[in-house]
>>> print(open('protein_34.pdb').read())   # PDB, C-alpha atoms
ATOM      1  CA  MET A   1     -10.956-136.171 -50.028  1.00  0.00           C
ATOM      2  CA  SER A   2     -12.083-138.652 -47.397  1.00  0.00           C
ATOM      3  CA  ASN A   3      -9.344-137.582 -45.012  1.00  0.00           C
ATOM      4  CA  SER A   4      -9.594-133.822 -45.557  1.00  0.00           C
ATOM      5  CA  LYS A   5     -12.837-133.267 -43.684  1.00  0.00           C
ATOM      6  CA  PRO A   6     -11.679-134.783 -40.351  1.00  0.00           C
ATOM      7  CA  VAL A   7      -8.417-132.822 -40.582  1.00  0.00           C
ATOM      8  CA  LEU A   8     -10.182-129.503 -41.174  1.00  0.00           C
ATOM      9  CA  ASN A   9     -12.645-130.238 -38.385  1.00  0.00           C
ATOM     10  CA  SER A  10      -9.890-131.150 -35.934  1.00  0.00           C
ATOM     11  CA  SER A  11      -8.493-128.645 -33.464  1.00  0.00           C
ATOM     12  CA  LEU A  12      -5.277-128.418 -35.493  1.00  0.00           C
ATOM     13  CA  GLY A  13      -7.210-127.945 -38.721  1.00  0.00           C
ATOM     14  CA  ARG A  14      -9.256-125.100 -37.244  1.00  0.00           C
ATOM     15  CA  LYS A  15      -6.100-123.429 -35.947  1.00  0.00           C
ATOM     16  CA  LEU A  16      -4.518-123.807 -39.384  1.00  0.00           C
ATOM     17  CA  ILE A  17      -7.503-122.129 -41.059  1.00  0.00           C
ATOM     18  CA  MET A  18      -7.407-119.336 -38.479  1.00  0.00           C
ATOM     19  CA  SER A  19      -3.680-118.871 -39.060  1.00  0.00           C
ATOM     20  CA  LEU A  20      -3.896-118.740 -42.857  1.00  0.00           C
ATOM     21  CA  THR A  21      -6.885-116.380 -42.870  1.00  0.00           C
ATOM     22  CA  GLY A  22      -5.186-114.264 -40.203  1.00  0.00           C
ATOM     23  CA  ILE A  23      -1.998-113.905 -42.269  1.00  0.00           C
ATOM     24  CA  PHE A  24      -4.095-112.994 -45.313  1.00  0.00           C
ATOM     25  CA  LEU A  25      -5.919-110.336 -43.275  1.00  0.00           C
ATOM     26  CA  CYS A  26      -2.575-108.953 -42.092  1.00  0.00           C
ATOM     27  CA  THR A  27      -1.530-108.567 -45.730  1.00  0.00           C
ATOM     28  CA  PHE A  28      -4.773-106.740 -46.449  1.00  0.00           C
ATOM     29  CA  LEU A  29      -4.134-104.336 -43.571  1.00  0.00           C
ATOM     30  CA  ILE A  30      -0.872-103.233 -45.194  1.00  0.00           C
ATOM     31  CA  VAL A  31      -2.554-102.553 -48.552  1.00  0.00           C
ATOM     32  CA  HIS A  32      -5.524-100.842 -46.898  1.00  0.00           C
ATOM     33  CA  LEU A  33      -3.307 -98.568 -44.814  1.00  0.00           C
ATOM     34  CA  ILE A  34      -1.211 -97.549 -47.834  1.00  0.00           C
ATOM     35  CA  GLY A  35      -4.370 -96.667 -49.755  1.00  0.00           C
ATOM     36  CA  ASN A  36      -5.939 -94.795 -46.854  1.00  0.00           C
ATOM     37  CA  LEU A  37      -2.844 -92.639 -46.484  1.00  0.00           C
ATOM     38  CA  GLN A  38      -4.332 -90.722 -49.434  1.00  0.00           C
ATOM     39  CA  LEU A  39      -6.669 -89.183 -46.841  1.00  0.00           C
ATOM     40  CA  PHE A  40      -3.785 -87.059 -45.557  1.00  0.00           C
ATOM     41  CA  LYS A  41      -3.243 -85.362 -48.934  1.00  0.00           C
ATOM     42  CA  ASP A  42      -4.397 -81.759 -49.081  1.00  0.00           C
ATOM     43  CA  ASP A  43      -6.305 -82.174 -52.365  1.00  0.00           C
ATOM     44  CA  ALA A  44      -9.969 -82.230 -51.221  1.00  0.00           C
ATOM     45  CA  GLY A  45     -10.024 -86.019 -51.580  1.00  0.00           C
ATOM     46  CA  TYR A  46      -8.944 -86.158 -55.243  1.00  0.00           C
ATOM     47  CA  ALA A  47      -6.398 -88.952 -54.717  1.00  0.00           C
ATOM     48  CA  PHE A  48      -8.509 -90.839 -52.156  1.00  0.00           C
ATOM     49  CA  ASN A  49     -11.714 -90.785 -54.232  1.00  0.00           C
ATOM     50  CA  ASN A  50      -9.829 -92.047 -57.288  1.00  0.00           C
ATOM     51  CA  TYR A  51      -8.278 -94.762 -55.132  1.00  0.00           C
ATOM     52  CA  ALA A  52     -11.722 -95.717 -53.763  1.00  0.00           C
ATOM     53  CA  TYR A  53     -13.115 -96.094 -57.273  1.00  0.00           C
ATOM     54  CA  PHE A  54     -10.161 -98.197 -58.392  1.00  0.00           C
ATOM     55  CA  MET A  55     -10.428-100.494 -55.368  1.00  0.00           C
ATOM     56  CA  THR A  56     -14.139-101.113 -55.952  1.00  0.00           C
ATOM     57  CA  HIS A  57     -14.135-101.511 -59.740  1.00  0.00           C
ATOM     58  CA  PHE A  58     -10.855-103.202 -60.741  1.00  0.00           C
ATOM     59  CA  THR A  59     -11.863-106.841 -61.264  1.00  0.00           C
ATOM     60  CA  PRO A  60      -8.834-108.579 -59.653  1.00  0.00           C
ATOM     61  CA  ILE A  61      -9.225-106.360 -56.556  1.00  0.00           C
ATOM     62  CA  LYS A  62     -12.942-107.172 -56.414  1.00  0.00           C
ATOM     63  CA  VAL A  63     -12.112-110.901 -56.424  1.00  0.00           C
ATOM     64  CA  VAL A  64      -9.616-110.370 -53.595  1.00  0.00           C
ATOM     65  CA  SER A  65     -12.312-108.405 -51.725  1.00  0.00           C
ATOM     66  CA  TYR A  66     -14.638-111.405 -51.780  1.00  0.00           C
ATOM     67  CA  LEU A  67     -11.790-113.558 -50.455  1.00  0.00           C
ATOM     68  CA  LEU A  68     -11.305-110.945 -47.755  1.00  0.00           C
ATOM     69  CA  TYR A  69     -14.954-111.070 -46.669  1.00  0.00           C
ATOM     70  CA  ALA A  70     -14.808-114.872 -46.592  1.00  0.00           C
ATOM     71  CA  SER A  71     -11.581-114.753 -44.563  1.00  0.00           C
ATOM     72  CA  VAL A  72     -13.094-112.425 -41.958  1.00  0.00           C
ATOM     73  CA  ILE A  73     -16.091-114.748 -41.558  1.00  0.00           C
ATOM     74  CA  LEU A  74     -13.970-117.912 -41.421  1.00  0.00           C
ATOM     75  CA  HIS A  75     -11.511-116.357 -38.975  1.00  0.00           C
ATOM     76  CA  ALA A  76     -14.305-115.255 -36.649  1.00  0.00           C
ATOM     77  CA  VAL A  77     -16.310-118.488 -36.885  1.00  0.00           C
ATOM     78  CA  TYR A  78     -13.330-120.768 -36.280  1.00  0.00           C
ATOM     79  CA  ALA A  79     -12.148-118.567 -33.423  1.00  0.00           C
ATOM     80  CA  LEU A  80     -15.566-118.940 -31.803  1.00  0.00           C
ATOM     81  CA  ILE A  81     -15.589-122.718 -32.358  1.00  0.00           C
ATOM     82  CA  LEU A  82     -12.107-123.098 -30.858  1.00  0.00           C
ATOM     83  CA  THR A  83     -13.013-120.953 -27.854  1.00  0.00           C
ATOM     84  CA  LEU A  84     -16.196-122.924 -27.144  1.00  0.00           C
ATOM     85  CA  LYS A  85     -14.471-126.292 -27.577  1.00  0.00           C
ATOM     86  CA  ASN A  86     -11.578-125.255 -25.326  1.00  0.00           C
ATOM     87  CA  ARG A  87     -14.006-124.192 -22.616  1.00  0.00           C
ATOM     88  CA  ALA A  88     -15.975-127.396 -22.983  1.00  0.00           C
ATOM     89  CA  ALA A  89     -12.785-129.441 -22.666  1.00  0.00           C
ATOM     90  CA  ARG A  90     -11.782-127.468 -19.558  1.00  0.00           C
ATOM     91  CA  PRO A  91     -14.999-126.958 -17.566  1.00  0.00           C
ATOM     92  CA  VAL A  92     -13.119-125.962 -14.425  1.00  0.00           C
ATOM     93  CA  ALA A  93     -11.169-122.746 -14.993  1.00  0.00           C
ATOM     94  CA  TYR A  94      -7.530-122.600 -14.059  1.00  0.00           C
ATOM     95  CA  ALA A  95      -6.640-120.652 -10.965  1.00  0.00           C
ATOM     96  CA  ALA A  96      -6.215-116.955 -11.719  1.00  0.00           C
ATOM     97  CA  THR A  97      -2.606-116.999 -10.638  1.00  0.00           C
ATOM     98  CA  ASP A  98      -1.798-119.935 -12.908  1.00  0.00           C
ATOM     99  CA  GLY A  99      -3.394-118.221 -15.903  1.00  0.00           C
ATOM    100  CA  LYS A 100      -1.432-115.038 -15.349  1.00  0.00           C
ATOM    101  CA  ALA A 101       1.787-116.905 -14.843  1.00  0.00           C
ATOM    102  CA  ASN A 102       1.491-119.003 -18.009  1.00  0.00           C
ATOM    103  CA  SER A 103       0.095-116.558 -20.553  1.00  0.00           C
ATOM    104  CA  LYS A 104       0.009-112.918 -21.472  1.00  0.00           C
ATOM    105  CA  TRP A 105      -3.074-110.728 -21.107  1.00  0.00           C
ATOM    106  CA  ASN A 106      -3.724-110.430 -24.843  1.00  0.00           C
ATOM    107  CA  SER A 107      -3.395-114.196 -25.405  1.00  0.00           C
ATOM    108  CA  ARG A 108      -5.972-114.839 -22.659  1.00  0.00           C
ATOM    109  CA  ASN A 109      -8.375-112.262 -24.056  1.00  0.00           C
ATOM    110  CA  MET A 110      -8.225-112.847 -27.803  1.00  0.00           C
ATOM    111  CA  GLY A 111     -11.974-113.498 -27.768  1.00  0.00           C
ATOM    112  CA  ILE A 112     -12.736-110.097 -26.244  1.00  0.00           C
ATOM    113  CA  LEU A 113     -10.309-108.350 -28.594  1.00  0.00           C
ATOM    114  CA  GLY A 114     -11.782-110.182 -31.568  1.00  0.00           C
ATOM    115  CA  THR A 115     -15.323-109.207 -30.556  1.00  0.00           C
ATOM    116  CA  VAL A 116     -14.345-105.528 -30.382  1.00  0.00           C
ATOM    117  CA  LEU A 117     -12.816-105.858 -33.857  1.00  0.00           C
ATOM    118  CA  LEU A 118     -15.942-107.535 -35.264  1.00  0.00           C
ATOM    119  CA  VAL A 119     -18.082-104.671 -33.974  1.00  0.00           C
ATOM    120  CA  PHE A 120     -15.569-102.256 -35.470  1.00  0.00           C
ATOM    121  CA  ILE A 121     -15.671-103.977 -38.878  1.00  0.00           C
ATOM    122  CA  ALA A 122     -19.488-103.859 -38.906  1.00  0.00           C
ATOM    123  CA  THR A 123     -19.433-100.151 -37.935  1.00  0.00           C
ATOM    124  CA  HIS A 124     -16.755 -99.365 -40.506  1.00  0.00           C
ATOM    125  CA  MET A 125     -18.597-101.184 -43.301  1.00  0.00           C
ATOM    126  CA  GLN A 126     -21.879 -99.464 -42.450  1.00  0.00           C
ATOM    127  CA  ASN A 127     -20.356 -95.989 -42.371  1.00  0.00           C
ATOM    128  CA  PHE A 128     -18.282 -96.240 -45.534  1.00  0.00           C
ATOM    129  CA  TRP A 129     -18.605 -99.423 -47.630  1.00  0.00           C
ATOM    130  CA  TRP A 130     -22.397 -99.576 -47.462  1.00  0.00           C
ATOM    131  CA  LYS A 131     -22.949 -95.873 -48.124  1.00  0.00           C
ATOM    132  CA  TYR A 132     -20.436 -95.823 -50.974  1.00  0.00           C
ATOM    133  CA  HIS A 133     -22.031 -98.804 -52.705  1.00  0.00           C
ATOM    134  CA  ASN A 134     -25.599 -97.558 -52.170  1.00  0.00           C
ATOM    135  CA  ASP A 135     -25.221 -93.974 -53.414  1.00  0.00           C
ATOM    136  CA  GLN A 136     -25.421 -92.458 -49.942  1.00  0.00           C
ATOM    137  CA  THR A 137     -22.297 -90.319 -50.276  1.00  0.00           C
ATOM    138  CA  PRO A 138     -22.075 -86.800 -51.751  1.00  0.00           C
ATOM    139  CA  TYR A 139     -20.782 -86.258 -55.295  1.00  0.00           C
ATOM    140  CA  ILE A 140     -17.887 -84.093 -56.432  1.00  0.00           C
ATOM    141  CA  GLU A 141     -16.338 -82.746 -59.598  1.00  0.00           C
ATOM    142  CA  TYR A 142     -12.598 -82.068 -59.834  1.00  0.00           C
ATOM    143  CA  LYS A 143     -10.908 -79.951 -62.460  1.00  0.00           C
ATOM    144  CA  LYS A 144      -7.175 -80.552 -62.729  1.00  0.00           C
ATOM    145  CA  ASP A 145      -5.010 -78.302 -64.860  1.00  0.00           C
ATOM    146  CA  LEU A 146      -2.698 -80.771 -66.576  1.00  0.00           C
ATOM    147  CA  ALA A 147      -0.090 -78.077 -67.166  1.00  0.00           C
ATOM    148  CA  THR A 148       0.211 -76.858 -63.575  1.00  0.00           C
ATOM    149  CA  GLY A 149      -1.310 -79.739 -61.569  1.00  0.00           C
ATOM    150  CA  ASP A 150      -3.663 -77.305 -59.797  1.00  0.00           C
ATOM    151  CA  ILE A 151      -6.938 -78.873 -58.686  1.00  0.00           C
ATOM    152  CA  THR A 152     -10.264 -77.144 -58.059  1.00  0.00           C
ATOM    153  CA  HIS A 153     -13.389 -78.905 -56.865  1.00  0.00           C
ATOM    154  CA  THR A 154     -17.143 -78.407 -56.725  1.00  0.00           C
ATOM    155  CA  GLU A 155     -19.831 -80.434 -54.998  1.00  0.00           C
ATOM    156  CA  ILE A 156     -22.395 -81.605 -57.538  1.00  0.00           C
ATOM    157  CA  SER A 157     -25.923 -82.952 -57.160  1.00  0.00           C
ATOM    158  CA  ALA A 158     -27.091 -86.503 -57.783  1.00  0.00           C
ATOM    159  CA  SER A 159     -28.761 -85.362 -61.020  1.00  0.00           C
ATOM    160  CA  GLU A 160     -25.380 -84.149 -62.307  1.00  0.00           C
ATOM    161  CA  PHE A 161     -23.670 -87.443 -61.496  1.00  0.00           C
ATOM    162  CA  HIS A 162     -24.323 -90.514 -63.614  1.00  0.00           C
ATOM    163  CA  ASP A 163     -21.196 -92.557 -62.967  1.00  0.00           C
ATOM    164  CA  TYR A 164     -17.504 -92.109 -62.263  1.00  0.00           C
ATOM    165  CA  GLN A 165     -16.216 -90.197 -65.247  1.00  0.00           C
ATOM    166  CA  VAL A 166     -12.901 -88.725 -66.400  1.00  0.00           C
ATOM    167  CA  THR A 167     -12.742 -86.444 -69.432  1.00  0.00           C
ATOM    168  CA  VAL A 168     -10.207 -83.931 -70.753  1.00  0.00           C
ATOM    169  CA  GLU A 169     -11.166 -80.526 -72.182  1.00  0.00           C
ATOM    170  CA  ASN A 170      -8.685 -77.793 -73.107  1.00  0.00           C
ATOM    171  CA  ASN A 171      -5.883 -79.511 -71.169  1.00  0.00           C
ATOM    172  CA  VAL A 172      -8.101 -79.739 -68.062  1.00  0.00           C
ATOM    173  CA  GLU A 173      -8.921 -83.146 -66.612  1.00  0.00           C
ATOM    174  CA  ILE A 174     -12.509 -83.258 -65.328  1.00  0.00           C
ATOM    175  CA  THR A 175     -13.338 -86.044 -62.869  1.00  0.00           C
ATOM    176  CA  LYS A 176     -16.783 -86.764 -61.453  1.00  0.00           C
ATOM    177  CA  ALA A 177     -16.819 -89.175 -58.519  1.00  0.00           C
ATOM    178  CA  ARG A 178     -18.615 -90.301 -55.401  1.00  0.00           C
ATOM    179  CA  ASP A 179     -17.145 -88.229 -52.583  1.00  0.00           C
ATOM    180  CA  LEU A 180     -16.171 -90.869 -50.037  1.00  0.00           C
ATOM    181  CA  TYR A 181     -13.619 -88.407 -48.673  1.00  0.00           C
ATOM    182  CA  LYS A 182     -16.449 -86.065 -47.663  1.00  0.00           C
ATOM    183  CA  GLN A 183     -18.241 -88.990 -46.005  1.00  0.00           C
ATOM    184  CA  VAL A 184     -15.092 -89.757 -43.999  1.00  0.00           C
ATOM    185  CA  ASP A 185     -14.861 -86.094 -42.975  1.00  0.00           C
ATOM    186  CA  PHE A 186     -18.519 -86.082 -41.933  1.00  0.00           C
ATOM    187  CA  ALA A 187     -18.332 -89.375 -40.005  1.00  0.00           C
ATOM    188  CA  PHE A 188     -15.312 -88.298 -37.983  1.00  0.00           C
ATOM    189  CA  GLU A 189     -17.052 -85.164 -36.733  1.00  0.00           C
ATOM    190  CA  ASN A 190     -18.612 -87.577 -34.226  1.00  0.00           C
ATOM    191  CA  VAL A 191     -16.328 -87.705 -31.179  1.00  0.00           C
ATOM    192  CA  GLY A 192     -17.897 -90.994 -30.052  1.00  0.00           C
ATOM    193  CA  LEU A 193     -17.051 -92.639 -33.371  1.00  0.00           C
ATOM    194  CA  VAL A 194     -13.508 -91.248 -33.234  1.00  0.00           C
ATOM    195  CA  ALA A 195     -13.037 -92.598 -29.704  1.00  0.00           C
ATOM    196  CA  PHE A 196     -14.378 -96.013 -30.740  1.00  0.00           C
ATOM    197  CA  TYR A 197     -12.004 -96.162 -33.721  1.00  0.00           C
ATOM    198  CA  VAL A 198      -9.019 -95.401 -31.500  1.00  0.00           C
ATOM    199  CA  LEU A 199     -10.189 -98.044 -28.984  1.00  0.00           C
ATOM    200  CA  ALA A 200     -10.626-100.566 -31.806  1.00  0.00           C
ATOM    201  CA  MET A 201      -7.095 -99.869 -33.045  1.00  0.00           C
ATOM    202  CA  ALA A 202      -5.767-100.505 -29.536  1.00  0.00           C
ATOM    203  CA  ALA A 203      -7.642-103.835 -29.605  1.00  0.00           C
ATOM    204  CA  LEU A 204      -6.155-104.525 -33.053  1.00  0.00           C
ATOM    205  CA  ALA A 205      -2.654-103.884 -31.692  1.00  0.00           C
ATOM    206  CA  PHE A 206      -3.007-106.392 -28.857  1.00  0.00           C
ATOM    207  CA  HIS A 207      -4.760-108.880 -31.149  1.00  0.00           C
ATOM    208  CA  LEU A 208      -1.972-108.763 -33.741  1.00  0.00           C
ATOM    209  CA  ILE A 209       0.912-108.825 -31.275  1.00  0.00           C
ATOM    210  CA  HIS A 210      -0.224-112.276 -30.160  1.00  0.00           C
ATOM    211  CA  GLY A 211      -1.992-113.462 -33.307  1.00  0.00           C
ATOM    212  CA  PHE A 212       0.755-112.772 -35.854  1.00  0.00           C
ATOM    213  CA  GLN A 213       3.410-114.812 -34.053  1.00  0.00           C
ATOM    214  CA  SER A 214       0.898-117.514 -33.106  1.00  0.00           C
ATOM    215  CA  ALA A 215      -0.156-117.926 -36.754  1.00  0.00           C
ATOM    216  CA  PHE A 216       3.410-118.689 -37.854  1.00  0.00           C
ATOM    217  CA  GLN A 217       3.874-121.130 -34.992  1.00  0.00           C
ATOM    218  CA  THR A 218       0.739-122.975 -36.101  1.00  0.00           C
ATOM    219  CA  ILE A 219       1.927-123.361 -39.691  1.00  0.00           C
ATOM    220  CA  GLY A 220       5.257-124.673 -38.426  1.00  0.00           C
ATOM    221  CA  VAL A 221       7.583-121.678 -38.765  1.00  0.00           C
ATOM    222  CA  SER A 222       9.374-121.998 -35.446  1.00  0.00           C
ATOM    223  CA  HIS A 223      13.059-122.073 -36.359  1.00  0.00           C
ATOM    224  CA  LYS A 224      15.159-120.105 -33.856  1.00  0.00           C
ATOM    225  CA  LYS A 225      16.582-118.070 -36.745  1.00  0.00           C
ATOM    226  CA  TYR A 226      13.172-116.749 -37.819  1.00  0.00           C
ATOM    227  CA  VAL A 227      11.217-116.532 -34.549  1.00  0.00           C
ATOM    228  CA  PRO A 228      12.870-113.252 -33.396  1.00  0.00           C
ATOM    229  CA  ILE A 229      12.164-111.695 -36.813  1.00  0.00           C
ATOM    230  CA  ILE A 230       8.537-112.815 -36.737  1.00  0.00           C
ATOM    231  CA  ARG A 231       8.173-111.560 -33.169  1.00  0.00           C
ATOM    232  CA  GLY A 232       9.700-108.203 -34.085  1.00  0.00           C
ATOM    233  CA  VAL A 233       7.455-107.775 -37.143  1.00  0.00           C
ATOM    234  CA  GLY A 234       4.408-108.801 -35.105  1.00  0.00           C
ATOM    235  CA  VAL A 235       5.120-106.383 -32.261  1.00  0.00           C
ATOM    236  CA  TRP A 236       6.578-103.326 -33.977  1.00  0.00           C
ATOM    237  CA  PHE A 237       5.002-103.384 -37.426  1.00  0.00           C
ATOM    238  CA  PHE A 238       1.597-104.993 -36.867  1.00  0.00           C
ATOM    239  CA  GLY A 239       1.301-104.171 -33.168  1.00  0.00           C
ATOM    240  CA  VAL A 240       2.494-100.557 -33.328  1.00  0.00           C
ATOM    241  CA  ILE A 241       2.869 -99.005 -36.795  1.00  0.00           C
ATOM    242  CA  ILE A 242      -0.274-100.409 -38.459  1.00  0.00           C
ATOM    243  CA  PRO A 243      -2.708 -99.588 -35.600  1.00  0.00           C
ATOM    244  CA  ILE A 244      -1.210 -96.116 -35.053  1.00  0.00           C
ATOM    245  CA  GLY A 245      -1.460 -95.413 -38.787  1.00  0.00           C
ATOM    246  CA  PHE A 246      -5.171 -96.256 -38.799  1.00  0.00           C
ATOM    247  CA  ALA A 247      -5.855 -94.446 -35.505  1.00  0.00           C
ATOM    248  CA  LEU A 248      -4.272 -91.241 -36.797  1.00  0.00           C
ATOM    249  CA  MET A 249      -6.909 -90.933 -39.528  1.00  0.00           C
ATOM    250  CA  PRO A 250      -9.974 -90.246 -37.341  1.00  0.00           C
ATOM    251  CA  LEU A 251      -7.841 -88.095 -35.038  1.00  0.00           C
ATOM    252  CA  TYR A 252      -6.599 -86.072 -38.021  1.00  0.00           C
ATOM    253  CA  PHE A 253     -10.124 -85.405 -39.285  1.00  0.00           C
ATOM    254  CA  TYR A 254     -11.499 -84.541 -35.860  1.00  0.00           C
ATOM    255  CA  PHE A 255      -8.686 -82.290 -34.636  1.00  0.00           C
ATOM    256  CA  VAL A 256      -7.075 -80.931 -37.822  1.00  0.00           C
ATOM    257  CA  LYS A 257      -9.565 -80.861 -40.705  1.00  0.00           C
TER     258      LYS A 257
END
>>> encode(input="protein_34.pdb", output="structure tokens")
Amino acid sequence: MSNSKPVLNSSLGRKLIMSLTGIFLCTFLIVHLIGNLQLFKDDAGYAFNNYAYFMTHFTPIKVVSYLLYASVILHAVYALILTLKNRAARPVAYAATDGKANSKWNSRNMGILGTVLLVFIATHMQNFWWKYHNDQTPYIEYKKDLATGDITHTEISASEFHDYQVTVENNVEITKARDLYKQVDFAFENVGLVAFYVLAMAALAFHLIHGFQSAFQTIGVSHKKYVPIIRGVGVWFFGVIIPIGFALMPLYFYFVK
């Protein structure tokens, strides 16, 4: 124990914590995107609202959520500490030409990209997480014919909703739920919010293109056999597919729904 504190407080230790939390956050992005793809289903939010309830009430997922919140905070705090210490150690900035020659734009601006993403996370949590957990979303009742799979829906009042509930009557499944889908639809009527989400996903793309590969370098995965694979996954999967997938959601609601 006596040696662990200096290691974690060293520059290498901070980078290691940033790398591990960053990789964990990348894993979360995959799961989150898969779940949010339910938004594209033409079922008035039936699949998405059931998914939202599961993600917020299944105990193992709730535990992982707390780890996620801690990872976001640790990642941001250690990034800030590293940035400040690097600037303090190098009070005279490198010449602009040297900086451009020795590093890519996104690697030089990870702080700016990270700040945009922090603002995005706060905005996202306020619009959806906070309202969902504080009964500030509408409520909905679905009736699903178990024989045909047909789904009808009706908005219900707060007095008609006591908690998430699934019952079956005469071969019809009746589900009462918080309508987070409707909240998403309402939020993305705001063109400014849609534009900010798309901008944030562009920042996420640049952040991940550099950060994903850098994280594996920090933990020591630098074998010539694996580096091209890691680079390819970082650029094409995390730098292109994941951000585009998230960006399509606000665009879909604004232009299509």
>>> resolve_selection(input="protein_34.pdb", expression="the PyMOL selection byres ((chain A and resi 246-249) around 10)", output="MDAnalysis selection string")
chainID A and resid 29 32:34 36:37 39:40 184:185 188 194:202 241:245 250:254
>>> closest_residue(input="protein_34.pdb", among="A:Thr154, A:Asn171, A:Gln165, A:Ser11", to="Ala44 of chain A", atoms="only C-alpha atoms")
A:Thr154
>>> residues_near_point(input="protein_34.pdb", point="(1.5, -106.5, -30.5)", cutoff="7 Å", atoms="all atoms listed in the file", output="PyMOL selection string")
chain A and resi 205-210+234-236+238-240
>>> atom_distance(input="protein_34.pdb", atom1="atom CA of Leu25 of chain A", atom2="atom CA of Asn127 of chain A")
20.4 Å
>>> atom_distance(input="protein_34.pdb", atom1="atom CA of Lys144 of chain A", atom2="atom CA of Lys131 of chain A")
26.4 Å
>>> closest_residue(input="protein_34.pdb", among="A:Leu180, A:Ala215, A:Val221, A:Leu204", to="Asn106 of chain A", atoms="only C-alpha atoms")
A:Leu204
>>> closest_residue(input="protein_34.pdb", among="A:Ile140, A:Leu68, A:Ile30, A:Ile219", to="Tyr181 of chain A", atoms="all atoms listed in the file")
A:Ile140
>>> resolve_selection(input="protein_34.pdb", expression="the PyMOL selection byres ((chain A and resi 50) around 12)", output="PyMOL selection string")
chain A and resi 35-36+38-39+43-49+51-58+140-142+164-166+175-181
>>> atom_distance(input="protein_34.pdb", atom1="atom CA of Arg108 of chain A", atom2="atom CA of Leu12 of chain A")
18.7 Å
>>> closest_residue(input="protein_34.pdb", among="A:Thr83, A:Ala158, A:Leu193, A:Ser107", to="His124 of chain A", atoms="only C-alpha atoms")
A:Leu193
>>> closest_residue(input="protein_34.pdb", among="A:Gln183, A:Ser157, A:Asn109, A:Thr152", to="Gln136 of chain A", atoms="only C-alpha atoms")
A:Gln183
>>> decode(input="protein_34.pdb", residues="segment 131-143 of chain A", atoms="C-alpha atoms", output="JSON list (two decimals), in the first residue's frame")
[["chain", "number", "residue", "atom", "x", "y", "z"],
["A", 131, "LYS", "CA", -36.25, 14.18, -16.01],
["A", 132, "TYR", "CA", -36.73, 10.41, -16.18],
["A", 133, "HIS", "CA", -35.64, 9.91, -12.57],
["A", 134, "ASN", "CA", -37.65, 12.87, -11.26],
["A", 135, "ASP", "CA", -41.02, 12.13, -12.88],
["A", 136, "GLN", "CA", -40.74, 14.94, -15.41],
["A", 137, "THR", "CA", -41.55, 12.81, -18.45],
["A", 138, "PRO", "CA", -45.03, 12.00, -19.81],
["A", 139, "TYR", "CA", -46.65, 8.62, -19.11],
["A", 140, "ILE", "CA", -47.94, 6.07, -21.60],
["A", 141, "GLU", "CA", -49.95, 2.88, -21.71],
["A", 142, "TYR", "CA", -49.31, 0.24, -24.38],
["A", 143, "LYS", "CA", -51.66, -2.57, -25.29]]
